[in-house]
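Asks: Dropping in my_file_15.cif, which is mmCIF, C-alpha atoms and all ligand atoms:
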```cif
data_upload
#
loop_
_atom_site.group_PDB
_atom_site.id
_atom_site.type_symbol
_atom_site.label_atom_id
_atom_site.label_comp_id
_atom_site.auth_asym_id
_atom_site.auth_seq_id
_atom_site.Cartn_x
_atom_site.Cartn_y
_atom_site.Cartn_z
ATOM 1 C CA MET A 24 1.934 15.512 19.603
ATOM 2 C CA GLY A 25 -1.364 13.678 19.730
ATOM 3 C CA GLN A 26 -2.247 10.481 17.968
ATOM 4 C CA PRO A 27 -2.032 10.747 14.184
ATOM 5 C CA VAL A 28 -5.345 10.353 12.402
ATOM 6 C CA GLU A 29 -6.106 9.535 8.796
ATOM 7 C CA HIS A 30 -7.026 12.756 7.096
ATOM 8 C CA THR A 31 -9.318 12.720 4.062
ATOM 9 C CA SER A 32 -9.650 15.726 1.782
ATOM 10 C CA GLY A 33 -10.741 16.746 -1.694
ATOM 11 C CA ASN A 34 -12.979 15.077 -4.244
ATOM 12 C CA VAL A 35 -15.648 13.991 -1.800
ATOM 13 C CA SER A 36 -18.446 16.014 -3.385
ATOM 14 C CA GLY A 37 -20.194 12.948 -4.735
ATOM 15 C CA GLY A 38 -20.834 11.834 -1.213
ATOM 16 C CA VAL A 39 -21.345 8.367 0.083
ATOM 17 C CA SER A 40 -23.975 6.425 -1.811
ATOM 18 C CA GLN A 41 -27.074 5.441 0.103
ATOM 19 C CA GLY A 42 -29.169 2.323 0.040
ATOM 20 C CA ALA A 43 -28.404 -1.328 -0.149
ATOM 21 C CA VAL A 44 -24.904 -2.604 0.347
ATOM 22 C CA GLN A 45 -23.590 -3.571 -3.060
ATOM 23 C CA PRO A 46 -22.634 -7.165 -3.624
ATOM 24 C CA GLY A 47 -18.924 -7.526 -3.374
ATOM 25 C CA LEU A 48 -18.454 -4.840 -0.752
ATOM 26 C CA PRO A 49 -16.509 -6.078 2.280
ATOM 27 C CA PRO A 50 -18.308 -6.001 5.652
ATOM 28 C CA GLY A 51 -18.739 -2.567 7.214
ATOM 29 C CA GLN A 52 -17.763 -0.645 4.050
ATOM 30 C CA ARG A 53 -19.858 1.704 1.909
ATOM 31 C CA SER A 54 -19.336 2.740 -1.675
ATOM 32 C CA GLN A 55 -17.815 6.164 -2.220
ATOM 33 C CA ARG A 56 -18.265 8.130 -5.436
ATOM 34 C CA GLY A 57 -15.277 10.147 -6.591
ATOM 35 C CA TRP A 58 -11.848 9.490 -5.197
ATOM 36 C CA PRO A 59 -11.030 11.028 -1.827
ATOM 37 C CA VAL A 60 -7.436 11.694 -0.844
ATOM 38 C CA THR A 61 -6.489 10.046 2.441
ATOM 39 C CA HIS A 62 -3.112 10.130 4.095
ATOM 40 C CA TYR A 63 -1.168 11.361 7.085
ATOM 41 C CA GLY A 64 1.322 14.169 6.526
ATOM 42 C CA PRO A 65 2.345 16.208 3.466
ATOM 43 C CA VAL A 66 2.456 15.261 -0.237
ATOM 44 C CA PRO A 67 6.087 14.823 -1.273
ATOM 45 C CA ARG A 68 7.489 16.530 -4.344
ATOM 46 C CA PHE A 69 8.755 14.123 -7.015
ATOM 47 C CA ARG A 70 12.385 14.697 -7.980
ATOM 48 C CA PRO A 71 13.111 12.223 -10.791
ATOM 49 C CA GLU A 72 16.882 12.513 -10.542
ATOM 50 C CA ARG A 73 16.806 11.639 -6.848
ATOM 51 C CA TRP A 74 14.123 8.977 -7.000
ATOM 52 C CA ASP A 75 15.046 5.326 -6.802
ATOM 53 C CA PHE A 76 13.265 2.123 -5.928
ATOM 54 C CA ARG A 77 15.188 -0.149 -3.582
ATOM 55 C CA VAL A 78 14.905 -3.750 -2.575
ATOM 56 C CA PHE A 79 16.976 -4.576 0.477
ATOM 57 C CA GLY A 80 17.076 -6.728 3.579
ATOM 58 C CA ALA A 81 17.168 -10.509 3.234
ATOM 59 C CA THR A 82 17.617 -10.883 -0.521
ATOM 60 C CA ALA A 83 18.625 -14.316 -1.834
ATOM 61 C CA ASP A 84 22.008 -13.072 -3.047
ATOM 62 C CA GLY A 85 22.571 -10.792 -0.042
ATOM 63 C CA GLU A 86 22.789 -7.746 -2.333
ATOM 64 C CA LYS A 87 20.657 -4.609 -2.427
ATOM 65 C CA HIS A 88 19.036 -3.745 -5.721
ATOM 66 C CA SER A 89 17.872 -0.401 -6.960
ATOM 67 C CA TRP A 90 16.290 1.072 -10.057
ATOM 68 C CA THR A 91 16.204 4.650 -11.255
ATOM 69 C CA HIS A 92 12.798 6.016 -12.188
ATOM 70 C CA GLU A 93 13.542 5.495 -15.867
ATOM 71 C CA GLU A 94 14.614 1.897 -15.292
ATOM 72 C CA PHE A 95 11.649 1.121 -13.078
ATOM 73 C CA THR A 96 9.090 2.363 -15.572
ATOM 74 C CA THR A 97 10.448 0.017 -18.267
ATOM 75 C CA LEU A 98 9.495 -3.052 -16.188
ATOM 76 C CA PRO A 99 6.536 -5.064 -17.575
ATOM 77 C CA TYR A 100 3.232 -3.169 -17.270
ATOM 78 C CA THR A 101 0.052 -4.953 -16.174
ATOM 79 C CA THR A 102 -3.425 -3.851 -15.128
ATOM 80 C CA VAL A 103 -5.435 -5.099 -12.167
ATOM 81 C CA VAL A 104 -9.043 -4.112 -11.473
ATOM 82 C CA ALA A 105 -9.391 -3.653 -7.733
ATOM 83 C CA ASP A 106 -11.345 -1.699 -5.145
ATOM 84 C CA LEU A 107 -9.680 0.541 -2.574
ATOM 85 C CA HIS A 108 -11.033 0.069 0.936
ATOM 86 C CA CYS A 109 -10.189 2.678 3.548
ATOM 87 C CA VAL A 110 -10.487 1.485 7.136
ATOM 88 C CA THR A 111 -12.496 4.664 7.826
ATOM 89 C CA ARG A 112 -15.228 2.692 5.960
ATOM 90 C CA TYR A 113 -15.425 4.096 2.459
ATOM 91 C CA SER A 114 -14.540 2.050 -0.623
ATOM 92 C CA VAL A 115 -13.667 3.268 -4.106
ATOM 93 C CA LEU A 116 -14.959 0.580 -6.420
ATOM 94 C CA GLY A 117 -13.799 -0.740 -9.767
ATOM 95 C CA ALA A 118 -10.547 1.106 -10.275
ATOM 96 C CA GLU A 119 -8.246 -0.191 -12.991
ATOM 97 C CA TRP A 120 -4.721 0.070 -11.646
ATOM 98 C CA GLY A 121 -1.757 -0.085 -14.013
ATOM 99 C CA GLY A 122 1.804 -0.805 -13.068
ATOM 100 C CA ILE A 123 4.308 -3.468 -12.111
ATOM 101 C CA LEU A 124 3.265 -6.611 -10.274
ATOM 102 C CA ALA A 125 4.894 -7.250 -6.911
ATOM 103 C CA ARG A 126 5.579 -10.730 -8.293
ATOM 104 C CA THR A 127 7.806 -9.209 -10.926
ATOM 105 C CA ILE A 128 9.912 -7.633 -8.185
ATOM 106 C CA LEU A 129 10.052 -10.973 -6.355
ATOM 107 C CA GLU A 130 11.227 -12.666 -9.562
ATOM 108 C CA LEU A 131 13.838 -10.019 -10.337
ATOM 109 C CA VAL A 132 15.115 -9.863 -6.754
ATOM 110 C CA PRO A 133 14.326 -13.184 -5.097
ATOM 111 C CA PRO A 134 14.017 -13.136 -1.314
ATOM 112 C CA ALA A 135 16.122 -15.460 0.821
ATOM 113 C CA PRO A 136 14.258 -18.664 1.733
ATOM 114 C CA GLU A 137 13.732 -17.523 5.332
ATOM 115 C CA VAL A 138 11.837 -14.357 4.375
ATOM 116 C CA THR A 139 8.329 -14.328 5.871
ATOM 117 C CA HIS A 140 7.309 -10.645 5.673
ATOM 118 C CA VAL A 141 8.121 -7.481 3.813
ATOM 119 C CA MET A 142 8.052 -3.816 4.781
ATOM 120 C CA ALA A 143 6.949 -1.427 2.050
ATOM 121 C CA TRP A 144 8.715 1.896 2.603
ATOM 122 C CA ALA A 145 7.547 5.273 1.350
ATOM 123 C CA GLU A 146 8.654 8.903 1.450
ATOM 124 C CA TYR A 147 8.946 10.466 4.922
ATOM 125 C CA GLY A 148 9.371 7.048 6.513
ATOM 126 C CA TYR A 149 5.779 5.848 6.053
ATOM 127 C CA SER A 150 5.781 2.075 6.131
ATOM 128 C CA ALA A 151 3.430 -0.892 6.005
ATOM 129 C CA ASN A 152 4.295 -4.477 6.844
ATOM 130 C CA LEU A 153 2.861 -7.347 4.833
ATOM 131 C CA ARG A 154 3.077 -11.088 5.023
ATOM 132 C CA LEU A 155 5.147 -12.338 2.117
ATOM 133 C CA SER A 156 2.072 -14.283 0.955
ATOM 134 C CA ASP A 157 0.028 -11.046 0.742
ATOM 135 C CA PHE A 158 2.828 -9.262 -1.079
ATOM 136 C CA ALA A 159 3.214 -12.216 -3.458
ATOM 137 C CA SER A 160 -0.513 -12.247 -4.306
ATOM 138 C CA GLU A 161 -1.058 -12.251 -8.059
ATOM 139 C CA ARG A 162 -3.047 -9.001 -7.666
ATOM 140 C CA THR A 163 -0.545 -6.989 -5.636
ATOM 141 C CA LEU A 164 0.691 -4.168 -7.841
ATOM 142 C CA PHE A 165 3.043 -1.200 -7.743
ATOM 143 C CA ALA A 166 0.761 1.228 -9.522
ATOM 144 C CA THR A 167 1.810 4.099 -11.730
ATOM 145 C CA HIS A 168 -1.647 4.588 -13.274
ATOM 146 C CA LYS A 169 -5.328 4.499 -12.407
ATOM 147 C CA ASP A 170 -7.985 4.153 -15.103
ATOM 148 C CA GLY A 171 -5.393 4.725 -17.805
ATOM 149 C CA GLU A 172 -4.022 7.954 -16.374
ATOM 150 C CA LEU A 173 -0.850 8.642 -14.457
ATOM 151 C CA LEU A 174 -1.436 8.926 -10.731
ATOM 152 C CA THR A 175 -1.696 12.453 -9.435
ATOM 153 C CA ALA A 176 0.711 13.658 -6.751
ATOM 154 C CA GLU A 177 -1.867 13.383 -3.980
ATOM 155 C CA HIS A 178 -2.732 9.823 -4.983
ATOM 156 C CA GLY A 179 0.865 8.665 -4.842
ATOM 157 C CA PHE A 180 2.688 9.661 -8.053
ATOM 158 C CA PRO A 181 5.055 8.303 -9.189
ATOM 159 C CA LEU A 182 4.356 4.972 -7.487
ATOM 160 C CA ARG A 183 2.032 3.430 -4.933
ATOM 161 C CA LEU A 184 1.381 -0.056 -3.729
ATOM 162 C CA ILE A 185 -2.061 -1.658 -4.179
ATOM 163 C CA VAL A 186 -2.887 -4.793 -2.181
ATOM 164 C CA PRO A 187 -6.522 -5.426 -3.164
ATOM 165 C CA HIS A 188 -7.541 -7.696 -0.283
ATOM 166 C CA LEU A 189 -6.051 -5.525 2.481
ATOM 167 C CA TYR A 190 -7.159 -2.122 3.805
ATOM 168 C CA GLY A 191 -5.825 0.959 2.061
ATOM 169 C CA TRP A 192 -3.210 1.806 4.688
ATOM 170 C CA LYS A 193 -1.324 -1.349 3.615
ATOM 171 C CA GLY A 194 -0.668 0.333 0.264
ATOM 172 C CA PRO A 195 1.820 3.155 0.680
ATOM 173 C CA LYS A 196 1.593 6.052 -1.725
ATOM 174 C CA TRP A 197 4.986 7.474 -2.827
ATOM 175 C CA VAL A 198 6.492 4.063 -2.219
ATOM 176 C CA ARG A 199 10.271 3.881 -2.587
ATOM 177 C CA GLY A 200 11.221 0.369 -1.708
ATOM 178 C CA VAL A 201 10.702 -3.000 -0.138
ATOM 179 C CA GLU A 202 12.578 -4.570 2.736
ATOM 180 C CA TYR A 203 12.631 -8.360 2.893
ATOM 181 C CA MET A 204 12.271 -9.493 6.497
ATOM 182 C CA THR A 205 12.885 -12.788 8.260
ATOM 183 C CA ALA A 206 10.526 -11.823 11.112
ATOM 184 C CA ASP A 207 7.476 -9.594 11.316
ATOM 185 C CA ARG A 208 7.726 -5.973 12.393
ATOM 186 C CA ARG A 209 4.929 -3.410 12.554
ATOM 187 C CA GLY A 210 4.686 -0.539 10.110
ATOM 188 C CA PHE A 211 3.417 2.998 10.662
ATOM 189 C CA TRP A 212 -0.289 2.358 11.310
ATOM 190 C CA GLU A 213 0.227 -1.126 12.680
ATOM 191 C CA GLU A 214 2.130 0.459 15.561
ATOM 192 C CA ARG A 215 -0.680 2.973 16.058
ATOM 193 C CA GLY A 216 -3.750 0.848 16.539
ATOM 194 C CA TYR A 217 -4.475 -0.752 13.182
ATOM 195 C CA HIS A 218 -4.545 -4.496 12.693
ATOM 196 C CA ASN A 219 -1.245 -6.138 11.838
ATOM 197 C CA ILE A 220 -2.709 -8.075 8.903
ATOM 198 C CA GLY A 221 -5.604 -5.871 7.745
ATOM 199 C CA ASP A 222 -7.678 -8.319 5.670
ATOM 200 C CA VAL A 223 -10.814 -6.466 4.506
ATOM 201 C CA TRP A 224 -12.870 -9.671 4.140
ATOM 202 C CA LYS A 225 -12.114 -10.665 7.748
ATOM 203 C CA GLU A 226 -12.689 -7.065 8.828
ATOM 204 C CA GLN A 227 -9.320 -6.888 10.558
ATOM 205 C CA ARG A 228 -9.411 -3.159 11.324
ATOM 206 C CA TYR A 229 -7.830 -2.651 14.756
ATOM 207 C CA SER A 230 -4.988 -4.181 16.719
ATOM 208 C CA TYR A 231 -7.323 -5.047 19.610
ATOM 209 C CA GLN A 232 -8.958 -7.584 17.269
ATOM 210 C CA GLU A 233 -5.684 -9.431 16.761
ATOM 211 C CA GLU A 234 -5.491 -13.030 17.789
ATOM 212 C CA PRO A 235 -2.347 -14.767 18.985
ATOM 213 C CA GLY A 236 -0.060 -15.179 16.003
ATOM 214 C CA ASP A 237 -1.524 -12.273 14.036
ATOM 215 C CA GLY A 238 1.385 -10.008 14.845
ATOM 216 C CA PRO A 239 4.324 -9.112 17.053
ATOM 217 C CA GLU A 240 3.606 -7.803 20.573
ATOM 218 C CA LEU A 241 2.642 -4.164 20.725
HETATM 219 N N1 LIG A 301 2.658 7.341 2.150
HETATM 220 C C1 LIG A 301 1.400 7.126 2.570
HETATM 221 N N2 LIG A 301 0.635 6.265 1.891
HETATM 222 C C2 LIG A 301 -0.640 6.035 2.269
HETATM 223 C C3 LIG A 301 -1.191 6.692 3.388
HETATM 224 C C4 LIG A 301 -0.346 7.596 4.105
HETATM 225 O O1 LIG A 301 -0.743 8.196 5.128
HETATM 226 N N3 LIG A 301 0.928 7.795 3.645
HETATM 227 N N4 LIG A 301 -2.492 6.445 3.741
HETATM 228 C C5 LIG A 301 -3.078 5.186 3.289
HETATM 229 C C6 LIG A 301 -4.513 5.111 3.468
HETATM 230 S S1 LIG A 301 -5.061 5.047 5.066
HETATM 231 C C7 LIG A 301 -5.382 4.974 2.423
HETATM 232 S S2 LIG A 301 -7.009 4.627 2.668
HETATM 233 C C8 LIG A 301 -4.933 5.141 1.015
HETATM 234 C C9 LIG A 301 -5.755 6.210 0.349
HETATM 235 O O2 LIG A 301 -5.349 6.396 -0.980
HETATM 236 P P1 LIG A 301 -5.934 7.606 -1.817
HETATM 237 O O3 LIG A 301 -5.638 8.878 -1.082
HETATM 238 O O4 LIG A 301 -5.283 7.538 -3.134
HETATM 239 O O5 LIG A 301 -7.404 7.384 -1.905
HETATM 240 O O6 LIG A 301 -3.561 5.502 0.965
HETATM 241 C C10 LIG A 301 -2.732 4.814 1.859
HETATM 242 N N5 LIG A 301 -1.360 5.147 1.547
HETATM 243 MO MO MO A 302 -7.346 4.632 4.926
#
```
Could you take the file, read its structure, and then write that structure out as structure tokens?
Ligand SMILES: Nc1nc2c(c(=O)[nH]1)N[C@H]1C(S)=C(S)[C@@H](COP(=O)(O)O)O[C@H]1N2
Ligand SMILES: [Mo]
Replies:
Amino acid sequence: MGQPVEHTSGNVSGGVSQGAVQPGLPPGQRSQRGWPVTHYGPVPRFRPERWDFRVFGATADGEKHSWTHEEFTTLPYTTVVADLHCVTRYSVLGAEWGGILARTILELVPPAPEVTHVMAWAEYGYSANLRLSDFASERTLFATHKDGELLTAEHGFPLRLIVPHLYGWKGPKWVRGVEYMTADRRGFWEERGYHNIGDVWKEQRYSYQEEPGDGPEL
């Protein structure tokens, strides 16, 4: 097998807008009309009776917690307006995401004091590591909706993570859980050449840009 690559398909007919960089666009990004679909691998089928959302690892009480789909969707619903920035340089601007704040999960299942990072886990073993501070951002959201409508399967239904200030790969679609970690560990793309932190405003795209302390040895 060769190196995996991000694959974008569908809904790209609007094309990339030309002209001046819009204010508010992170460096090296251009505005994309429509909403492309970008991921590696197949779209999983949602089976509500088998779906759960798990929080595990270094929880404060040492216990794992899980919600059924029905339970999870009764958690408090919030909206966050945020752009989606793919490291392949397109940005989808002004989306209104609806769902459950990551902070709500942290309140319901507090991490142990020594937790520094989390791993967001999705179907088929896709994963993305985040600093606890990025996960705990007041704008980090487990989204069920975009612009008032349920997510479609290819965009992550029933649940995806949105971390507005990090590149899109840090937000797993079809997310199924969070692991609390007491040390950093690389996720799927972070092991395959993408930056361990992935801040869009610092343009942290690739692992070769990492500085000492940005991530575990590759
Ligand atoms: N499970 C999973 N989630 C994923 C990916 C993936 O390959 N698998 N790709 C990420 C990348 S690189 C981007 S840019 C966004 C794209 O989201 P979209 O397809 O809804 O636009 O999803 C992210 N979430
Ligand atoms: Mo991406």
Asks: Translate the PyMOL selection byres (((chain A and resi 215) around 12) and not hetatm) into a concrete residue list for this structure, as number ranges by chain.
Replies: A: 25-29, 150-151, 192, 209-214, 216-219, 228-231, 241
Asks: Could you give me, as a VMD selection string, every polymer residue with an atom at most 7 Å away from an atom of ligand LIG 301 (chain A), counting all atoms listed in the file?
Replies: chain A and resid 29 58 to 64 108 to 110 145 to 146 149 177 to 179 190 to 198
Asks: What's the separation between CA of Arg183 (chain A) and CA of Trp90 (chain A), in Å to one decimal place?
Replies: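 Taking CA of Arg183 (chain A) and CA of Trp90 (chain A), their separation equals 15.3 Å.
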Asks: Which one is closest to ligand MO 302 (chain A): A:Gly221, A:Gly148, A:Gly121, A:Gly238? Count only C-alpha atoms and all ligand atoms.
Replies: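 Smallest distance to ligand MO 302 (chain A) is found for A:Gly221.
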Asks: So, counting all atoms listed in the file, which residue among A:Glu161, A:Glu86, A:Phe79, A:Leu189 is closest to ligand MO 302 (chain A)?
Replies: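 Of A:Glu161, A:Glu86, A:Phe79, A:Leu189, the one nearest ligand MO 302 (chain A), counting all atoms listed in the file, is A:Leu189.
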Asks: At what distance in Å, to one decimal, does CA of Pro65 (chain A) lie from CA of His88 (chain A)?
Replies: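 One can read the CA of His88 (chain A) to CA of Pro65 (chain A) distance as 27.6 Å.
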Asks: Ranking A:Glu172, A:Arg126, A:Glu137, A:Tyr113 by minimum distance to ligand MO 302 (chain A) and counting all atoms listed in the file, which one comes first?
Replies: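 Selected residue with least distance to ligand MO 302 (chain A): A:Tyr113.
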